[in-house]
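Q: Following this message is one structure expressed as structure tokens.
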Protein chains: 2
Amino acid sequence: MLEKVILVVCDGLGDRPIKDLGGLTPLEAANTPNLDSLAAESECGMMHSLGRGFVPGSDVSHLNILGYDYEQYYSGRGTIEAAGVGLQLSDGDVALRGNFGTINDQLIITDRRAGRINNVKALTESLDGLEIDGVTFIVKPGTAHRAAVLMRGKGLSNAIIDADPHKGDVSIRDVTPIDNTAEASFTAKVLNKFLKKSHEILKGHPLNIERQRNGEMPANYLLVRGAGKYSKVPSFKERFDFSGCCIAGGGLYKGVASFLGMAVLDVPGATGLPDTNIEEKFRTAIKSLALYDFVFVHVKAADSLAEDGNFKGKRDFIEKIDKAAGLFKELSKDVLLIITADHSTTSELKSHSGDPVPILFRGHGVRVDKVAAYNERACTEGGLGFITGKDVIPQILNLFGTLHLTGA
Amino acid sequence: MLEKVILVVCDGLGDRPIKDLGGLTPLEAANTPNLDSLAAESECGMMHSLGRGFVPGSDVSHLNILGYDYEQYYSGRGTIEAAGVGLQLSDGDVALRGNFGTINDQLIITDRRAGRINNVKALTESLDGLEIDGVTFIVKPGTAHRAAVLMRGKGLSNAIIDADPHKGDVSIRDVTPIDNTAEASFTAKVLNKFLKKSHEILKGHPLNIERQRNGEMPANYLLVRGAGKYSKVPSFKERFDFSGCCIAGGGLYKGVASFLGMAVLDVPGATGLPDTNIEEKFRTAIKSLALYDFVFVHVKAADSLAEDGNFKGKRDFIEKIDKAAGLFKELSKDVLLIITADHSTTSELKSHSGDPVPILFRGHGVRVDKVAAYNERACTEGGLGFITGKDVIPQILNLFGTLHLTGA
């Protein structure tokens with residue numbers, strides 16, 4: 001009988017045929033005996049995480065796959081990033097993600113990442129807790145040059161345009177409201193005051209003075225974006241009765257897991273980069289089944305390599321995933337194993353795409369089909385047919401026999 | 001040209017691979033030369049009667065398959081059961097299904113079925129027509145210990161919690177309103193008065209006095225559940241221009257047919273049990289084409305056997321269906337034959353499940369595909385792909401050329 005679940009999401013795994021790979025996709029071109037043999041014991045299919053006709057971002061695709069319809073639960077990346085850095089969100093909070101950048105005296109952005117400064121803790125501490133017009137600003141460091149900014153107070157809105165112009169060599173810009181509500185203009189006004197005040201504080205911050213003395217760029221401005229407004233999200237455990245944990249290198253995926261109330265495990269060597277220790281992640285996933293019902297494992301680099309146009313690197317990284325996936329071949333059928341991706345990333349266009357991705361379900365009770373290769377074309381012949389991200393959790397609950405009956 | 005339709009619904013036909021059947025489902029393990037040869041002449045596919053991600057009850061799945069979106073037409077099982085015992089429902093009626101049970105002097109339920117009493121006609125007659133606070137109670141016998149209760153009056157609601165606690169050895173419970181409307185609390189109040197008064201009448205009923213004298217349990221309490229509120233349902237004939245009839249053993253399926261204004265035929269030996277005379281049902285279905293355009297045939301026992309965990313019995317019963325299905329091989333292609341199920345029932349979990357079921361369309365004009373076996377895996381390769389219950393009637397109308405044109 002099914003008892004536990006491991007869900008492996010290989011970011012950006014799907015791709016398109018590439019001439020230099022003999023007309024194969026990186027996944028097809030890779031030598032993947034382990035994934036193929038898992039597919040042969042599975043029911044396979046193809047998945048559009050958001051449905052056909054969408055190019056999924058990583059945040060919304062993960063929400064859908066984890067059973068949280070993004071149309072209901074997503075209001076902006078900021079809330080997820082804030083959860084990812086450990087902030088406890090409350091109803092009505094507005095959260096943003098931000099970079100520490102460098103601006104000059106003419107308020108021109110000279111570097112969006114302040115020379116990729118990699119420890120902003122002291123800077124965030126100088127801003128954390130500021131209060132403006134009744135709104136408290138909570139500021140916490142993210143990875144490298146990144147930070148999360150949370151606004152807590154009455155009458156806030158996420159209907160504001162990013163302060164971050166998303167490019168350098170241009171002026172900073174004021175936050176402006178998107179709609180005509182009093183909340184949006186109040187939020188924009190308060191946030192602009194905060195950004196101005198932050199700039200004053202950061203300019204004189206000892207760390208920046210020292211950086212300038214060392215010839216480094218001062219991290220003297222917060223470029224914020226992705227405002228999201230938080231409303232209470234019922235936890236993964238509450239909704240599906242699985243205690244969940246997450247094994248990931250990338251901050252966003254840890255953020256999604258925290259946002260849903262899953263435990264986030266630290267795995268040494270899980271970097272979110274091509275050098276990541278996938279075997280250690282998969283081994284930890286299997287071990288974690290002793291403590292958790294549902295283990296969500298995220299593997300990042302296939303996506304990043306495709307975004308760099310590096311299809312051979314992507315192929316090689318997939319072979320690294322395959323090698324580690326050998327560990328799953330010994331997994332009991334009482335563990336439902338799902339291997340999929342959040343979306344395709346085309347190495348040619350160097351971007352996410354709307355092409356479906358393969359998915360396999362291996363475990364007790366699945367209708368094992370004839371598919372014996374894990375890739376974008378073989379899995380179109382799978383027994384599951386074409387599903388969407390929103391179908392994944394219901395299918396898990398169905399297999400466990402815990403999906404509720406409709407009618408009588 | 002297509003002239004008539006036979007729709008065969010084999011309840012709970014789909015299942016999951018079972019180790020003791022060599023990893024096959026009961027349908028795959030059964031020897032089904034007739035169904036397979038019909039599949040070979042058909043366009044096949046897979047169906048989720050309510051869509052992916054739902055575990056269908058039998059009532060709502062039949063509504064969907066017969067072209068009545070349950071979200072629009074279903075408000076509770078009671079209305080369907082009431083139609084099934086021959087009651088004519090009117091707008092605003094609230095109907096419930098019920099069991100005659102036994103309670104003791106402390107109002108504890110000692111048997112939910114009064115020792116499976118099998119003739120409750122005299123008891124229902126003693127309650128039929130009672131009037132309380134302007135509401136008339138119409139009470140009719142169902143099969144065995146069952147009854148239908150219809151409340152007719154102004155200001156009634158189906159937003160009430162079942163009086164039936166669905167288990168024995170507990171106290172009877174009062175009906176309580178689900179929402180804050182005056183209608184719900186009025187309905188609960190009147191129904192509670194009725195149940196109390198019924199108990200008084202049933203306690204002193206000669207049949208019960210005689211049962212007690214014979215050492216049998218008195219059927220002294222009505223356990224009601226599944227309240228549904230009726231609004232006028234346009235008939236199957238009005239909506240699709242097919243005169244319809246139903247051949248079924250089980251009461252629910254006759255109820256669904258009556259609810260939609262189909263004629264319900266009596267077939268000797270159609271019991272709804274494994275001993276049912278399937279050949280006689282199929283033979284009658286073919287004969288009925290002389291009188292009706294659309295014959296809906298329901299075969300029950302595969303579902304019940306799976307709910308008992310009896311997968312070998314299910315396999316054997318499927319072979320009995322197959323034997324009878326030989327009759328359809330001679331059927332003219334002017335008759336559109338559809339063979340499917342309302343849902344899967346897993347013998348292992350002993351419950352309905354959300355796994356899709358096979359469906360075949362055989363008749364003039366269909367795009368016959370390569371599928372030559374009628375089962376859960378072979379039909380995933382069918383030309384129809386994955387459909388939902390709501391697609392069945394439109395596809396029938398499409399094949400007949402009577403589906404309306406959208407646009408110009």
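Residues in the structure tokens are numbered from 1 in each chain, the chains being A, B, ... in the order shown, and ligands are numbered from 1 in the order shown.
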Could you please select, counting only C-alpha atoms, the residues of chain A within 10 Å of chain B and state them as a VMD selection string?

A: chain A and resid 1 364 to 370 381 to 388 390 to 408

Q: Keeping only N, CA and C atoms, take the residues you just selected and write them out as a short mmCIF file (atom, residue, chain, number, x, y, z; two decimals), in the first residue's frame.

A:
```cif
data_model
loop_
_atom_site.label_atom_id
_atom_site.label_comp_id
_atom_site.auth_asym_id
_atom_site.auth_seq_id
_atom_site.Cartn_x
_atom_site.Cartn_y
_atom_site.Cartn_z
N MET A 1 0.84 -1.20 0.00
CA MET A 1 0.00 0.00 0.00
C MET A 1 0.87 1.24 0.00
N HIS A 364 2.91 1.57 -6.03
CA HIS A 364 1.83 0.60 -5.91
C HIS A 364 0.52 1.15 -6.48
N GLY A 365 -0.11 0.36 -7.33
CA GLY A 365 -1.45 0.71 -7.81
C GLY A 365 -1.49 1.46 -9.13
N VAL A 366 -0.37 2.00 -9.60
CA VAL A 366 -0.43 2.75 -10.87
C VAL A 366 -0.59 1.77 -12.03
N ARG A 367 -1.25 2.23 -13.08
CA ARG A 367 -1.44 1.41 -14.27
C ARG A 367 -0.20 1.55 -15.14
N VAL A 368 0.79 0.73 -14.86
CA VAL A 368 2.06 0.80 -15.59
C VAL A 368 1.79 0.67 -17.09
N ASP A 369 2.41 1.55 -17.87
CA ASP A 369 2.14 1.53 -19.31
C ASP A 369 3.36 1.03 -20.07
N LYS A 370 3.32 1.15 -21.40
CA LYS A 370 4.38 0.58 -22.22
C LYS A 370 5.60 1.49 -22.37
N GLU A 381 3.13 8.89 -25.27
CA GLU A 381 2.37 7.65 -25.43
C GLU A 381 1.99 7.01 -24.10
N GLY A 382 2.19 7.75 -23.02
CA GLY A 382 1.93 7.19 -21.69
C GLY A 382 0.45 7.09 -21.36
N GLY A 383 0.17 6.28 -20.38
CA GLY A 383 -1.20 6.00 -19.98
C GLY A 383 -1.92 7.18 -19.34
N LEU A 384 -1.16 8.15 -18.83
CA LEU A 384 -1.79 9.31 -18.19
C LEU A 384 -2.34 10.30 -19.20
N GLY A 385 -1.83 10.22 -20.43
CA GLY A 385 -2.21 11.25 -21.39
C GLY A 385 -1.58 12.58 -21.03
N PHE A 386 -2.28 13.66 -21.34
CA PHE A 386 -1.80 15.02 -21.07
C PHE A 386 -2.51 15.55 -19.84
N ILE A 387 -1.72 15.93 -18.86
CA ILE A 387 -2.31 16.46 -17.64
C ILE A 387 -1.78 17.87 -17.40
N THR A 388 -2.32 18.52 -16.39
CA THR A 388 -1.80 19.83 -16.01
C THR A 388 -1.20 19.73 -14.61
N LYS A 390 -2.12 21.13 -12.02
CA LYS A 390 -3.19 21.03 -11.03
C LYS A 390 -3.70 19.60 -10.85
N ASP A 391 -3.38 18.71 -11.81
CA ASP A 391 -3.84 17.32 -11.70
C ASP A 391 -2.93 16.47 -10.82
N VAL A 392 -1.74 16.98 -10.50
CA VAL A 392 -0.74 16.12 -9.85
C VAL A 392 -1.18 15.71 -8.44
N ILE A 393 -1.50 16.67 -7.59
CA ILE A 393 -1.89 16.32 -6.22
C ILE A 393 -3.19 15.50 -6.19
N PRO A 394 -4.23 15.89 -6.96
CA PRO A 394 -5.41 15.02 -6.97
C PRO A 394 -5.10 13.58 -7.39
N GLN A 395 -4.18 13.40 -8.35
CA GLN A 395 -3.84 12.04 -8.76
C GLN A 395 -3.11 11.30 -7.63
N ILE A 396 -2.27 12.02 -6.89
CA ILE A 396 -1.61 11.41 -5.73
C ILE A 396 -2.66 10.97 -4.71
N LEU A 397 -3.57 11.88 -4.38
CA LEU A 397 -4.62 11.56 -3.40
C LEU A 397 -5.49 10.41 -3.91
N ASN A 398 -5.78 10.42 -5.21
CA ASN A 398 -6.56 9.33 -5.79
C ASN A 398 -5.86 8.00 -5.58
N LEU A 399 -4.56 7.96 -5.87
CA LEU A 399 -3.83 6.70 -5.71
C LEU A 399 -3.80 6.26 -4.25
N PHE A 400 -3.72 7.22 -3.35
CA PHE A 400 -3.74 6.89 -1.91
C PHE A 400 -5.15 6.53 -1.42
N GLY A 401 -6.16 6.84 -2.23
CA GLY A 401 -7.54 6.57 -1.79
C GLY A 401 -8.08 7.60 -0.82
N THR A 402 -7.48 8.80 -0.82
CA THR A 402 -7.93 9.82 0.13
C THR A 402 -8.61 11.00 -0.54
N LEU A 403 -8.81 10.91 -1.84
CA LEU A 403 -9.53 11.98 -2.54
C LEU A 403 -11.01 11.82 -2.21
N HIS A 404 -11.68 12.91 -1.84
CA HIS A 404 -13.06 12.75 -1.37
C HIS A 404 -14.01 12.40 -2.51
N LEU A 405 -15.09 11.73 -2.15
CA LEU A 405 -16.11 11.30 -3.11
C LEU A 405 -17.02 12.49 -3.44
N THR A 406 -17.31 12.67 -4.73
CA THR A 406 -18.30 13.66 -5.16
C THR A 406 -19.60 12.92 -5.45
N GLY A 407 -20.71 13.43 -4.95
CA GLY A 407 -21.98 12.71 -5.11
C GLY A 407 -22.06 11.58 -4.10
N ALA A 408 -22.85 10.57 -4.42
CA ALA A 408 -23.07 9.49 -3.45
C ALA A 408 -23.25 8.16 -4.17
#
```

Q: Which of region 63-282 of chain B end up as strand (DSSP E or B) when DSSP is run on this backbone - answer as a PyMOL selection string?

A: chain B and resi 94-103+108-111+131-132+135-141+146-152+160-161+171+176-177+221-229+244-247+263-265

Q: For C-alpha atoms, I'd like the residues from the last selection saved as an mmCIF file, in the first residue's frame.

A:
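Below you can see result.cif, which holds the result:
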```
data_model
loop_
_atom_site.group_PDB
_atom_site.id
_atom_site.type_symbol
_atom_site.label_atom_id
_atom_site.label_comp_id
_atom_site.auth_asym_id
_atom_site.auth_seq_id
_atom_site.Cartn_x
_atom_site.Cartn_y
_atom_site.Cartn_z
ATOM 1 C CA VAL B 94 -37.308 18.468 -0.771
ATOM 2 C CA ALA B 95 -36.689 14.726 -1.004
ATOM 3 C CA LEU B 96 -34.668 12.384 1.196
ATOM 4 C CA ARG B 97 -33.722 8.764 1.109
ATOM 5 C CA GLY B 98 -34.087 6.726 4.238
ATOM 6 C CA ASN B 99 -33.699 3.386 5.970
ATOM 7 C CA PHE B 100 -36.082 1.883 8.429
ATOM 8 C CA GLY B 101 -33.928 1.161 11.473
ATOM 9 C CA THR B 102 -34.353 -0.018 15.029
ATOM 10 C CA ILE B 103 -33.833 2.186 18.090
ATOM 11 C CA ILE B 108 -29.798 4.366 20.626
ATOM 12 C CA ILE B 109 -29.685 2.877 17.122
ATOM 13 C CA THR B 110 -29.407 -0.870 17.614
ATOM 14 C CA ASP B 111 -29.697 -1.733 13.912
ATOM 15 C CA GLU B 131 -48.990 17.003 7.522
ATOM 16 C CA ILE B 132 -46.902 19.099 9.882
ATOM 17 C CA VAL B 135 -45.717 20.572 5.023
ATOM 18 C CA THR B 136 -47.036 17.317 3.563
ATOM 19 C CA PHE B 137 -44.863 14.217 3.903
ATOM 20 C CA ILE B 138 -45.097 11.677 1.104
ATOM 21 C CA VAL B 139 -43.469 8.388 2.066
ATOM 22 C CA LYS B 140 -42.979 5.485 -0.354
ATOM 23 C CA PRO B 141 -41.195 2.159 -0.007
ATOM 24 C CA ARG B 146 -35.377 1.550 2.152
ATOM 25 C CA ALA B 147 -37.853 4.368 1.657
ATOM 26 C CA ALA B 148 -38.141 7.749 -0.005
ATOM 27 C CA VAL B 149 -39.477 10.740 1.897
ATOM 28 C CA LEU B 150 -40.745 13.783 0.065
ATOM 29 C CA MET B 151 -41.558 17.061 1.808
ATOM 30 C CA ARG B 152 -43.937 19.324 -0.070
ATOM 31 C CA ILE B 160 -29.741 20.303 6.387
ATOM 32 C CA ILE B 161 -27.505 17.716 7.971
ATOM 33 C CA SER B 171 -27.960 7.998 19.545
ATOM 34 C CA THR B 176 -29.741 20.571 11.963
ATOM 35 C CA PRO B 177 -29.545 23.374 9.383
ATOM 36 C CA TYR B 221 -37.349 4.712 13.187
ATOM 37 C CA LEU B 222 -36.675 6.401 9.856
ATOM 38 C CA LEU B 223 -33.025 7.318 9.320
ATOM 39 C CA VAL B 224 -33.115 9.945 6.583
ATOM 40 C CA ARG B 225 -30.251 11.417 4.558
ATOM 41 C CA GLY B 226 -29.215 12.924 1.220
ATOM 42 C CA ALA B 227 -31.693 15.816 1.100
ATOM 43 C CA GLY B 228 -32.115 17.231 -2.384
ATOM 44 C CA LYS B 229 -34.299 20.116 -3.512
ATOM 45 C CA GLY B 244 -35.151 7.062 -23.932
ATOM 46 C CA CYS B 245 -35.578 3.974 -21.826
ATOM 47 C CA CYS B 246 -33.600 2.353 -19.055
ATOM 48 C CA ILE B 247 -32.847 -1.288 -18.317
ATOM 49 C CA ALA B 263 -39.105 5.034 -19.398
ATOM 50 C CA VAL B 264 -37.930 2.344 -16.978
ATOM 51 C CA LEU B 265 -38.380 -1.186 -18.313
#
```

Q: Just how far from CA of Gly14 (chain B) is CA of Phe317 (chain B), in Å to one decimal?

A: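 So the two atoms, CA of Phe317 (chain B) and CA of Gly14 (chain B), lie 12.9 Å apart.
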
Q: Name the residues in contact with Ala324 (chain A) at a cut-off of 12 Å, using only C-alpha atoms, excluding same-chain residues fewer than 6 positions from it; report them as a list in words.

A: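 The contact residues come out as Val8, Thr32, Pro33, Asn34, Leu35, Thr276, Asn277, Ile278, Glu279, Glu280, Lys281, Phe282, Arg283, Thr284, Ala285, Ile286, Val299, Phe317 and Ile318 of chain A.
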
Q: Could you save those same residues with C-alpha atoms as a PDB file, in the first residue's frame?

A:
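Done, and the output landed in again-v3.pdb:
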```pdb
ATOM      1  CA  VAL A   8      11.287  15.285  -7.968  1.00  0.00           C
ATOM      2  CA  THR A  32      19.580   7.961 -19.093  1.00  0.00           C
ATOM      3  CA  PRO A  33      19.368   4.256 -18.336  1.00  0.00           C
ATOM      4  CA  ASN A  34      18.085   4.816 -14.807  1.00  0.00           C
ATOM      5  CA  LEU A  35      15.323   7.262 -15.680  1.00  0.00           C
ATOM      6  CA  THR A 276      25.276  20.510  -6.980  1.00  0.00           C
ATOM      7  CA  ASN A 277      25.425  17.158  -5.222  1.00  0.00           C
ATOM      8  CA  ILE A 278      22.343  15.463  -6.668  1.00  0.00           C
ATOM      9  CA  GLU A 279      23.155  12.072  -5.196  1.00  0.00           C
ATOM     10  CA  GLU A 280      23.277  13.578  -1.735  1.00  0.00           C
ATOM     11  CA  LYS A 281      19.919  15.281  -2.355  1.00  0.00           C
ATOM     12  CA  PHE A 282      18.250  12.078  -3.536  1.00  0.00           C
ATOM     13  CA  ARG A 283      19.835  10.074  -0.707  1.00  0.00           C
ATOM     14  CA  THR A 284      18.566  12.634   1.804  1.00  0.00           C
ATOM     15  CA  ALA A 285      15.130  12.515   0.169  1.00  0.00           C
ATOM     16  CA  ILE A 286      14.929   8.780   0.743  1.00  0.00           C
ATOM     17  CA  VAL A 299      17.025  20.184  -9.039  1.00  0.00           C
ATOM     18  CA  PHE A 317      23.687  17.687 -16.286  1.00  0.00           C
ATOM     19  CA  ILE A 318      20.723  15.427 -17.120  1.00  0.00           C
TER      20      ILE A 318
END
```
